[in-house]
Each structure stands twice: as C-alpha cells, then as structure tokens.
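See below for run.csv, which holds CSV, C-alpha atoms.
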chain,number,residue,atom,x,y,z
A,203,MET,CA,12.8,-11.0,14.2
A,204,MET,CA,14.3,-12.7,11.1
A,205,ALA,CA,15.0,-15.8,13.1
A,206,LEU,CA,11.3,-16.3,13.4
A,207,LEU,CA,11.1,-17.3,9.8
A,208,ASP,CA,12.5,-20.5,8.5
A,209,GLU,CA,13.3,-21.4,4.9
A,210,ILE,CA,9.7,-22.6,4.2
A,211,ASP,CA,8.2,-19.5,5.7
A,212,ARG,CA,10.3,-17.4,3.4
A,213,ARG,CA,9.3,-19.5,0.4
A,214,ILE,CA,5.7,-19.0,1.3
A,215,ILE,CA,6.0,-15.2,1.6
A,216,ASN,CA,8.0,-14.9,-1.6
A,217,ALA,CA,5.6,-17.1,-3.5
A,218,LEU,CA,2.3,-15.9,-2.3
A,219,GLN,CA,2.4,-12.1,-2.6
A,220,GLY,CA,-0.1,-12.4,-5.5
A,221,GLY,CA,-1.7,-15.0,-7.6
A,222,PHE,CA,-3.6,-16.8,-4.9
A,223,PRO,CA,-6.2,-18.9,-6.7
A,224,ILE,CA,-10.0,-18.5,-6.7
A,225,CYS,CA,-11.2,-22.1,-6.5
A,226,PRO,CA,-12.9,-24.2,-3.9
A,227,ALA,CA,-9.7,-25.4,-2.2
A,228,PRO,CA,-7.1,-22.7,-2.9
A,229,PHE,CA,-4.7,-23.4,-0.1
A,230,ALA,CA,-4.4,-27.0,-1.3
A,231,ALA,CA,-3.5,-25.7,-4.8
A,232,ALA,CA,-1.1,-23.1,-3.4
A,233,ALA,CA,0.6,-25.6,-1.1
A,234,GLU,CA,1.2,-28.0,-4.0
A,235,THR,CA,2.9,-25.2,-6.0
A,236,ILE,CA,5.1,-24.5,-3.0
A,237,GLY,CA,5.8,-28.1,-2.4
A,238,ILE,CA,4.3,-28.5,1.1
A,239,GLY,CA,1.1,-29.9,2.6
A,240,GLN,CA,-2.1,-27.8,2.9
A,241,ASP,CA,-2.2,-28.1,6.7
A,242,ASP,CA,1.4,-27.0,7.0
A,243,LEU,CA,0.7,-24.0,4.8
A,244,LEU,CA,-2.4,-23.0,6.8
A,245,GLN,CA,-0.6,-23.4,10.1
A,246,ARG,CA,2.3,-21.3,9.0
A,247,LEU,CA,0.1,-18.5,7.6
A,248,GLN,CA,-1.9,-18.5,10.8
A,249,ARG,CA,1.3,-18.2,12.9
A,250,MET,CA,2.8,-15.5,10.7
A,251,ARG,CA,-0.4,-13.5,10.7
A,252,ALA,CA,-0.8,-13.8,14.5
A,253,GLY,CA,2.8,-12.8,14.9
A,254,GLY,CA,2.5,-9.7,12.7
A,255,LEU,CA,4.9,-10.9,10.0
A,256,LEU,CA,1.9,-10.7,7.7
A,257,SER,CA,-0.4,-7.7,7.9
A,258,ARG,CA,-3.0,-9.6,6.1
A,259,PHE,CA,-3.8,-12.5,3.8
A,260,GLY,CA,-6.4,-11.9,1.2
A,261,PRO,CA,-7.6,-9.6,-1.6
A,262,MET,CA,-6.1,-6.1,-1.9
A,263,TYR,CA,-8.8,-3.8,-3.2
A,264,HIS,CA,-8.2,-0.8,-5.4
A,265,ALA,CA,-9.8,2.1,-3.5
A,266,GLU,CA,-10.3,4.5,-6.5
A,267,LYS,CA,-11.9,1.8,-8.6
A,268,LEU,CA,-14.3,1.1,-5.7
A,269,GLY,CA,-15.4,4.7,-5.9
A,270,GLY,CA,-13.2,6.0,-3.1
A,271,ALA,CA,-10.6,8.7,-3.4
A,272,LEU,CA,-7.1,9.1,-2.0
A,273,THR,CA,-4.5,11.8,-1.9
A,274,LEU,CA,-1.1,12.5,-0.4
A,275,ALA,CA,-0.7,15.8,1.3
A,276,ALA,CA,2.3,17.5,3.0
A,277,MET,CA,2.7,20.4,5.5
A,278,ALA,CA,5.7,22.3,6.9
A,279,VAL,CA,4.8,22.3,10.6
A,280,PRO,CA,6.8,24.5,13.1
A,281,GLU,CA,8.6,22.1,15.5
A,282,ASP,CA,7.0,23.8,18.6
A,283,ARG,CA,3.6,23.1,17.2
A,284,PHE,CA,4.2,19.6,15.8
A,285,GLU,CA,2.3,17.5,18.4
A,286,THR,CA,-0.7,19.9,18.4
A,287,VAL,CA,-0.9,19.9,14.6
A,288,ALA,CA,-0.5,16.1,14.5
A,289,ALA,CA,-3.4,15.7,16.8
A,290,GLN,CA,-5.5,18.2,14.7
A,291,VAL,CA,-4.7,16.3,11.5
A,292,ASN,CA,-5.2,12.8,13.0
A,293,ALA,CA,-8.6,13.8,14.4
A,294,HIS,CA,-10.0,13.6,10.9
A,295,GLN,CA,-11.1,10.0,10.4
A,296,GLU,CA,-10.3,10.4,6.7
A,297,VAL,CA,-6.6,10.5,7.5
A,298,ALA,CA,-5.5,6.9,7.0
A,299,HIS,CA,-1.8,7.3,7.5
A,300,ASN,CA,0.4,10.1,8.8
A,301,TYR,CA,4.2,10.1,8.9
A,302,ALA,CA,6.8,12.5,10.3
A,303,ARG,CA,9.5,12.8,7.7
A,304,GLU,CA,12.9,14.5,7.8
A,305,HIS,CA,12.4,17.5,5.5
A,306,HIS,CA,11.2,21.1,5.6
A,307,LEU,CA,7.8,19.5,4.7
A,308,ASN,CA,7.8,17.4,7.8
A,309,MET,CA,4.3,15.9,8.0
A,310,TRP,CA,3.0,13.7,5.2
A,311,PHE,CA,-0.5,12.2,5.4
A,312,VAL,CA,-2.8,10.1,3.2
A,313,LEU,CA,-6.4,11.0,3.0
A,314,ALA,CA,-8.8,8.2,2.0
A,315,THR,CA,-12.5,9.0,1.5
A,316,GLU,CA,-15.4,7.0,0.2
A,317,GLN,CA,-16.5,10.1,-1.8
A,318,GLY,CA,-14.2,12.1,-4.0
A,319,ALA,CA,-15.6,15.5,-3.0
A,320,ARG,CA,-14.6,15.0,0.7
A,321,ILE,CA,-10.9,15.3,-0.2
A,322,GLY,CA,-11.0,19.0,-0.9
A,323,GLU,CA,-13.3,19.6,2.1
A,324,VAL,CA,-11.0,17.9,4.6
A,325,LEU,CA,-7.9,19.6,3.3
A,326,ALA,CA,-9.6,23.0,3.6
A,327,GLU,CA,-10.7,22.1,7.2
A,328,ILE,CA,-7.1,21.2,8.1
A,329,GLU,CA,-5.8,24.5,6.6
A,330,ALA,CA,-8.4,26.4,8.6
A,331,GLU,CA,-7.8,24.6,11.8
A,332,THR,CA,-4.0,24.8,11.7
A,333,GLY,CA,-3.4,28.0,9.7
A,334,LEU,CA,-0.8,26.2,7.7
A,335,THR,CA,-0.6,25.6,3.9
A,336,VAL,CA,-1.4,22.0,2.9
A,337,PHE,CA,0.3,20.9,-0.3
A,338,ASN,CA,-2.0,18.5,-2.1
A,339,MET,CA,-0.2,15.9,-4.2
A,340,PRO,CA,-2.8,13.5,-5.6
A,341,LYS,CA,-1.3,10.9,-7.9
A,342,ARG,CA,-1.6,11.6,-11.6
A,343,GLU,CA,-0.4,8.2,-12.7
A,344,GLU,CA,0.5,5.0,-10.9
A,345,PHE,CA,3.2,2.8,-12.3
A,346,PHE,CA,3.0,-0.9,-12.2
A,347,ILE,CA,4.7,-2.4,-9.2
A,348,GLY,CA,6.1,-5.9,-9.1
A,349,LEU,CA,6.1,-5.7,-5.3
A,350,ARG,CA,8.2,-8.6,-4.1
A,351,PHE,CA,9.5,-8.1,-0.6
A,352,GLU,CA,12.1,-10.8,-0.3
A,353,ALA,CA,11.7,-12.4,3.1
B,199,MET,CA,-16.0,-3.4,-15.2
B,200,ASN,CA,-19.0,-1.6,-13.6
B,201,THR,CA,-18.9,-0.2,-10.2
B,202,PRO,CA,-19.6,-2.7,-7.5
B,203,ASP,CA,-23.2,-3.5,-6.7
B,204,ASP,CA,-24.6,-4.2,-3.2
B,205,ILE,CA,-23.6,-7.9,-3.2
B,206,ASP,CA,-20.0,-7.0,-4.4
B,207,ARG,CA,-19.8,-4.5,-1.6
B,208,ARG,CA,-20.9,-7.1,1.0
B,209,ILE,CA,-18.1,-9.3,-0.3
B,210,ILE,CA,-15.6,-6.4,-0.1
B,211,VAL,CA,-16.5,-5.6,3.5
B,212,ALA,CA,-16.3,-9.3,4.5
B,213,THR,CA,-12.9,-9.8,2.9
B,214,GLN,CA,-11.0,-6.5,3.1
B,215,GLY,CA,-9.5,-7.5,6.4
B,216,GLY,CA,-8.4,-10.9,5.0
B,217,LEU,CA,-9.6,-14.3,4.0
B,218,PRO,CA,-10.3,-16.9,6.6
B,219,LEU,CA,-7.3,-19.2,6.9
B,220,VAL,CA,-9.2,-22.4,6.4
B,221,ALA,CA,-9.2,-25.0,3.7
B,222,GLU,CA,-12.2,-23.6,1.9
B,223,PRO,CA,-12.1,-19.8,2.5
B,224,TYR,CA,-14.5,-18.8,-0.2
B,225,GLN,CA,-17.0,-21.2,1.2
B,226,ALA,CA,-16.6,-19.6,4.6
B,227,VAL,CA,-17.2,-16.2,3.2
B,228,ALA,CA,-20.2,-17.4,1.3
B,229,ASP,CA,-21.7,-19.0,4.5
B,230,GLU,CA,-21.1,-15.8,6.4
B,231,LEU,CA,-23.0,-13.8,3.7
B,232,GLY,CA,-25.7,-16.3,2.9
B,233,LEU,CA,-24.5,-16.6,-0.7
B,234,ALA,CA,-23.6,-19.6,-2.9
B,235,VAL,CA,-19.8,-20.2,-3.1
B,236,ASP,CA,-19.9,-20.2,-6.9
B,237,GLU,CA,-21.4,-16.7,-6.8
B,238,VAL,CA,-18.7,-15.4,-4.3
B,239,MET,CA,-15.9,-16.9,-6.5
B,240,ALA,CA,-17.4,-15.6,-9.8
B,241,ARG,CA,-17.8,-12.1,-8.4
B,242,MET,CA,-14.3,-12.0,-6.9
B,243,GLN,CA,-12.9,-13.3,-10.2
B,244,ALA,CA,-14.7,-10.5,-12.0
B,245,MET,CA,-13.3,-7.9,-9.6
B,246,LEU,CA,-9.8,-9.4,-10.0
B,247,ASP,CA,-10.2,-9.3,-13.8
B,248,GLY,CA,-11.5,-5.8,-13.7
B,249,GLY,CA,-8.8,-4.5,-11.4
B,250,LEU,CA,-11.0,-3.8,-8.4
B,251,ILE,CA,-8.9,-6.4,-6.7
B,252,ARG,CA,-5.3,-5.6,-7.3
B,253,ARG,CA,-4.1,-9.0,-6.2
B,254,ILE,CA,-4.9,-11.8,-3.7
B,255,GLY,CA,-2.2,-13.1,-1.4
B,256,ALA,CA,0.1,-12.4,1.5
B,257,VAL,CA,0.6,-8.8,2.6
B,258,PRO,CA,4.0,-8.8,4.4
B,259,ASN,CA,4.7,-6.4,7.2
B,260,HIS,CA,8.0,-5.1,5.8
B,261,TYR,CA,9.0,-3.7,9.1
B,262,ALA,CA,8.6,-7.0,10.9
B,263,LEU,CA,10.5,-8.7,8.0
B,264,GLY,CA,13.5,-6.5,8.9
B,265,TYR,CA,13.0,-3.7,6.4
B,266,ARG,CA,13.3,-1.0,9.1
B,267,ALA,CA,14.3,1.9,6.9
B,268,ASN,CA,11.7,3.5,4.6
B,269,GLY,CA,12.7,6.3,2.4
B,270,MET,CA,10.3,8.2,0.2
B,271,THR,CA,12.5,9.1,-2.7
B,272,VAL,CA,11.3,12.1,-4.8
B,273,TRP,CA,12.6,13.0,-8.2
B,274,ASP,CA,12.5,16.0,-10.5
B,275,VAL,CA,12.4,14.5,-14.0
B,276,PRO,CA,11.3,15.9,-17.4
B,277,ASP,CA,7.5,15.6,-17.8
B,278,ASP,CA,8.0,13.9,-21.2
B,279,ALA,CA,10.2,11.2,-19.6
B,280,ILE,CA,8.0,10.4,-16.6
B,281,ALA,CA,6.0,7.5,-18.1
B,282,GLU,CA,9.1,5.7,-19.2
B,283,LEU,CA,11.1,6.3,-16.0
B,284,GLY,CA,8.1,5.5,-13.8
B,285,GLU,CA,7.7,2.1,-15.4
B,286,GLN,CA,11.5,1.4,-15.1
B,287,VAL,CA,11.6,2.4,-11.4
B,288,GLY,CA,8.3,0.6,-10.5
B,289,ALA,CA,9.8,-2.6,-11.9
B,290,LEU,CA,12.7,-2.5,-9.4
B,291,ASP,CA,12.1,-5.1,-6.7
B,292,PHE,CA,12.8,-2.8,-3.8
B,293,VAL,CA,10.3,-0.1,-4.8
B,294,SER,CA,6.8,-0.6,-3.3
B,295,HIS,CA,5.0,2.3,-4.8
B,296,CYS,CA,5.8,4.6,-7.7
B,297,TYR,CA,3.6,7.6,-8.6
B,298,HIS,CA,3.6,10.7,-10.8
B,299,ARG,CA,2.5,13.6,-8.6
B,300,PRO,CA,2.2,17.3,-9.2
B,301,ARG,CA,5.0,19.8,-8.5
B,302,HIS,CA,4.3,22.8,-6.3
B,303,LEU,CA,6.8,25.3,-7.6
B,304,PRO,CA,8.8,27.0,-6.2
B,305,HIS,CA,8.4,25.0,-3.0
B,306,TRP,CA,8.4,21.5,-4.4
B,307,PRO,CA,10.0,20.6,-7.8
B,308,TYR,CA,9.6,16.8,-7.6
B,309,ASN,CA,7.1,15.0,-9.8
B,310,LEU,CA,8.0,11.3,-9.4
B,311,PHE,CA,7.8,9.5,-6.1
B,312,ALA,CA,9.2,6.0,-5.4
B,313,MET,CA,9.0,4.3,-2.0
B,314,VAL,CA,12.3,2.5,-1.2
B,315,HIS,CA,12.6,0.0,1.6
B,316,GLY,CA,15.8,-1.3,3.2
B,317,ARG,CA,17.2,-2.9,6.3
B,318,ASP,CA,18.9,0.3,7.2
B,319,ARG,CA,19.5,3.8,5.8
B,320,ASP,CA,22.7,2.8,4.0
B,321,GLU,CA,20.8,0.1,2.1
B,322,VAL,CA,18.1,2.7,1.2
B,323,SER,CA,20.7,5.2,0.0
B,324,GLY,CA,22.4,2.5,-2.0
B,325,LYS,CA,19.2,1.5,-3.7
B,326,THR,CA,18.4,5.2,-4.4
B,327,ALA,CA,21.8,5.5,-6.1
B,328,ARG,CA,20.8,2.7,-8.4
B,329,ILE,CA,17.7,4.6,-9.3
B,330,ALA,CA,19.7,7.7,-10.0
B,331,LYS,CA,22.1,5.7,-12.2
B,332,LEU,CA,19.2,4.2,-14.1
B,333,MET,CA,17.8,7.8,-14.7
B,334,GLY,CA,21.1,9.3,-15.8
B,335,VAL,CA,20.8,12.9,-16.9
B,336,LYS,CA,17.0,12.8,-16.6
B,337,ASP,CA,17.5,13.0,-12.8
B,338,ARG,CA,17.5,16.8,-12.4
B,339,GLY,CA,17.5,16.5,-8.6
B,340,HIS,CA,16.3,14.1,-6.0
B,341,GLN,CA,15.9,13.7,-2.2
B,342,ILE,CA,15.2,10.9,0.2
B,343,LEU,CA,12.7,11.7,2.9
B,344,TYR,CA,13.0,9.2,5.7
B,345,SER,CA,10.1,8.7,8.0
B,346,HIS,CA,11.1,8.7,11.6
B,347,ARG,CA,7.7,8.4,13.3
B,348,ILE,CA,4.4,6.9,12.4
B,349,LEU,CA,1.8,9.4,13.6
B,350,LYS,CA,-1.2,7.4,12.5
B,351,LYS,CA,-1.8,4.2,10.5
B,352,THR,CA,-5.3,3.0,10.3
B,353,GLY,CA,-5.7,2.3,6.6
B,354,MET,CA,-8.8,2.6,4.5
B,355,ARG,CA,-11.9,0.7,5.3
B,356,PHE,CA,-15.1,0.6,3.4
B,357,THR,CA,-18.2,0.5,5.6
B,358,THR,CA,-21.1,-0.3,3.4
Target format structure tokens, applied to this file:
Amino acid sequence: MMALLDEIDRRIINALQGGFPICPAPFAAAAETIGIGQDDLLQRLQRMRAGGLLSRFGPMYHAEKLGGALTLAAMAVPEDRFETVAAQVNAHQEVAHNYAREHHLNMWFVLATEQGARIGEVLAEIEAETGLTVFNMPKREEFFIGLRFEA
Amino acid sequence: MNTPDDIDRRIIVATQGGLPLVAEPYQAVADELGLAVDEVMARMQAMLDGGLIRRIGAVPNHYALGYRANGMTVWDVPDDAIAELGEQVGALDFVSHCYHRPRHLPHWPYNLFAMVHGRDRDEVSGKTARIAKLMGVKDRGHQILYSHRILKKTGMRFTT
C-alpha cells in the first residue's frame, strides 16, 4: 500500500491536513505552496481519494458546535452473545462507529445525534434491549490535537 | 459564533462529504446551492473562525497509509493534573484524539483517553511508553485497548 504513494503524494498529505485556503482558486494557492502545478495537485488528490488513501478532502465540521451531540459508550458483552448484541447496537442509526476491543469492556461505540436529548434515550434503549449495563463516557474536555499523520 | 442558520446548514450538507476537486471548488458549491461564491466563502470563513469548521484539508485514511494498529490508551491521572497532561499528550504527533472522560468506579478508573496509531502493535506500545514517561508519577495506571474488529463505521451526517 505504501508503494502507491510517491514522494510528492506524501508531501501533499503532510502539507494539507489543515489550512486549505478559502479563496476563489484555492488549489492553485495550495499547489504553489507545495511547489507543484495546480493540475498535478488536483489529479493526485483525485487519485488518492478514489483509491481510499484519503477518506475525504474538505471541511471537518465540529458536531457539537453544530448543535449535535456525541458520546462514547462501552459494554462488557458475553462472548457467546457478542454477534447478537453487536447487531442490536448497530441497528440504532445513531451509532456512528462501533469497535470490538480486547478488554473486559469489549464493545465500544460512538453515538452521534442531531439532538442532545437523544443520547440518553438511545443508551436506555440499548440497555433495555440487551439487558447489559452501558457505561456512558461523554467527553468532559477535548485537548488540542496537532493531528499530523506522517505519510 | 451563533448557531448555523438555514443557509449555513445547506452549505454544511453540501460539503460534509468533501469539496469538489476542481480548480474553483467554492464556485462549484455556490452553483449547486444557487448562492453567490462570495457568500459561500464568507460563511465558510466565519464557520472556520468560530470553530464550527475544525479545519479544511485532507483527511487521510490512516489504515490505508499503513497505520494498521490502533490502540485506545486509557490513563488514570490525578484530576488536578488532567488539563496539563491532556495538552501535552494531545500535542504528540502520533495521538489523533485526546479526551478527558468520566471514571466509572470501581469498574473503570481511567479518566484520560488518547488514541495512538502505529504500523503494528510494537510501535503502538513503544509510543504508549513515551506517553507514560512524559507523565511520570502522574500515571497511576494505564492500559492499551486494541481494536480487533470494526463492527460499524458510518460516521455522522447532518441531514437538514
């Protein structure tokens, strides 16, 4: 997979994880900073996005500031019920991500709702459906992230 | 920054999946929505300044880039040290999220979460050791919870 990226692709990913300009011709401005041509930049971004190396290119919105709500929740699911409970949890459209993790608390999911009050309702529904305790771990504080994946 | 109005929300819905990869992407969004490009750019700039947009740019797929191991590291640190430690840990270039979350005693003593990515588990555990060293005696206990299966990943989408 790494071989799919050449040195210029890496420079693009490392340079453009933020700070993309808001102006009429932003790719021309970004390309100049990187030291390549606009068409080259656009073609490389199109290829990397089509190939899944980039999930997305554009604005990342802040869910809570848009009025939405998020929480992280965890459950200890008995192994013999794991698939059933995963299906019960995932059936809720508010469940945005769900990961199996190696721990006594072995199922970790993120709820994202457009209205804050839905968080508690959905967690109560999941507890009622599964008969399991859901540990709600909403963030109390978010620390600034530089976020630079080195490609 | 006020909450987004109807026009902001139309811009959000049109761009949350990404900007068009064309020479004039804001013009393309404006055309799609029947707005003037200056209005689209001014509103996006205001959302960026107000923090409604965290940032604009490339969102790499860390798995596709070779970061195959993902460890949720969880830490029990003194409450009065959490702000300072959270900022130090968040500033590390291999940490993609860093949050203060509530404990659930006696089941769950950990109050600081930091997502650590690496090419394999050895790399994640080496990076976790760097965090532990940075924390020193304020690390009263930590664990790495590796994910071994994605059960669902749809992400959040605003609809209106």
Selected residue of minimal separation from Thr273 of chain A among B:Glu237, B:Ile254, B:Arg299, B:Leu217, counting only C-alpha atoms: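 When distances to Thr273 of chain A are compared using only C-alpha atoms, the smallest one comes from B:Arg299.
The spacing separating atom CA of Asn338 of chain A from atom CA of Leu274 of chain A amounts to 6.3 Å.
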Residues of chain A within 6 Å of chain B, counting only C-alpha atoms, as number ranges by chain: A: 218-222, 226-227, 255-264, 267, 298-304, 339, 341-350
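Closest approach to Lys325 of chain B among B:Ala228, B:Asp274, B:Met313, B:Tyr308: B:Met313, based on all atoms listed in the file.
When only C-alpha atoms are used to measure the gap to Glu285 of chain A, the shortest distance among A:Gln245, A:Thr332, A:Asn216, A:Gln240 belongs to A:Thr332.
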Straight-line distance linking atom CA of Glu266 of chain A with atom CA of Ala326 of chain A, stated in Å to one decimal: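 That distance, rounded to one decimal, is 21.1 Å.
Atom CA of Val312 of chain A is found 9.0 Å from atom CA of Ala276 of chain A.
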Nearest to Leu334 of chain A by atom-to-atom distance, counting only C-alpha atoms, from A:His305, A:Gln290, A:Gly269, A:Thr315: A:Gln290
Find the residues around Asp337 of chain B up to 7 Å (all atoms listed in the file counted), leave out those fewer than 6 positions away in its own chain, and share them as a short mmCIF file (atom, residue, chain, number, x, y, z; two decimals) with C-alpha atoms, keeping the file's coordinate frame.
data_model
loop_
_atom_site.label_atom_id
_atom_site.label_comp_id
_atom_site.auth_asym_id
_atom_site.auth_seq_id
_atom_site.Cartn_x
_atom_site.Cartn_y
_atom_site.Cartn_z
CA TRP B 273 12.60 13.00 -8.20
CA ASP B 274 12.50 16.00 -10.50
CA VAL B 275 12.40 14.50 -14.00
CA ALA B 330 19.70 7.70 -10.00
#
Proximity to His340 of chain B - best of B:Leu303, B:Ala327, B:Val272, B:Val314, only C-alpha atoms: B:Val272
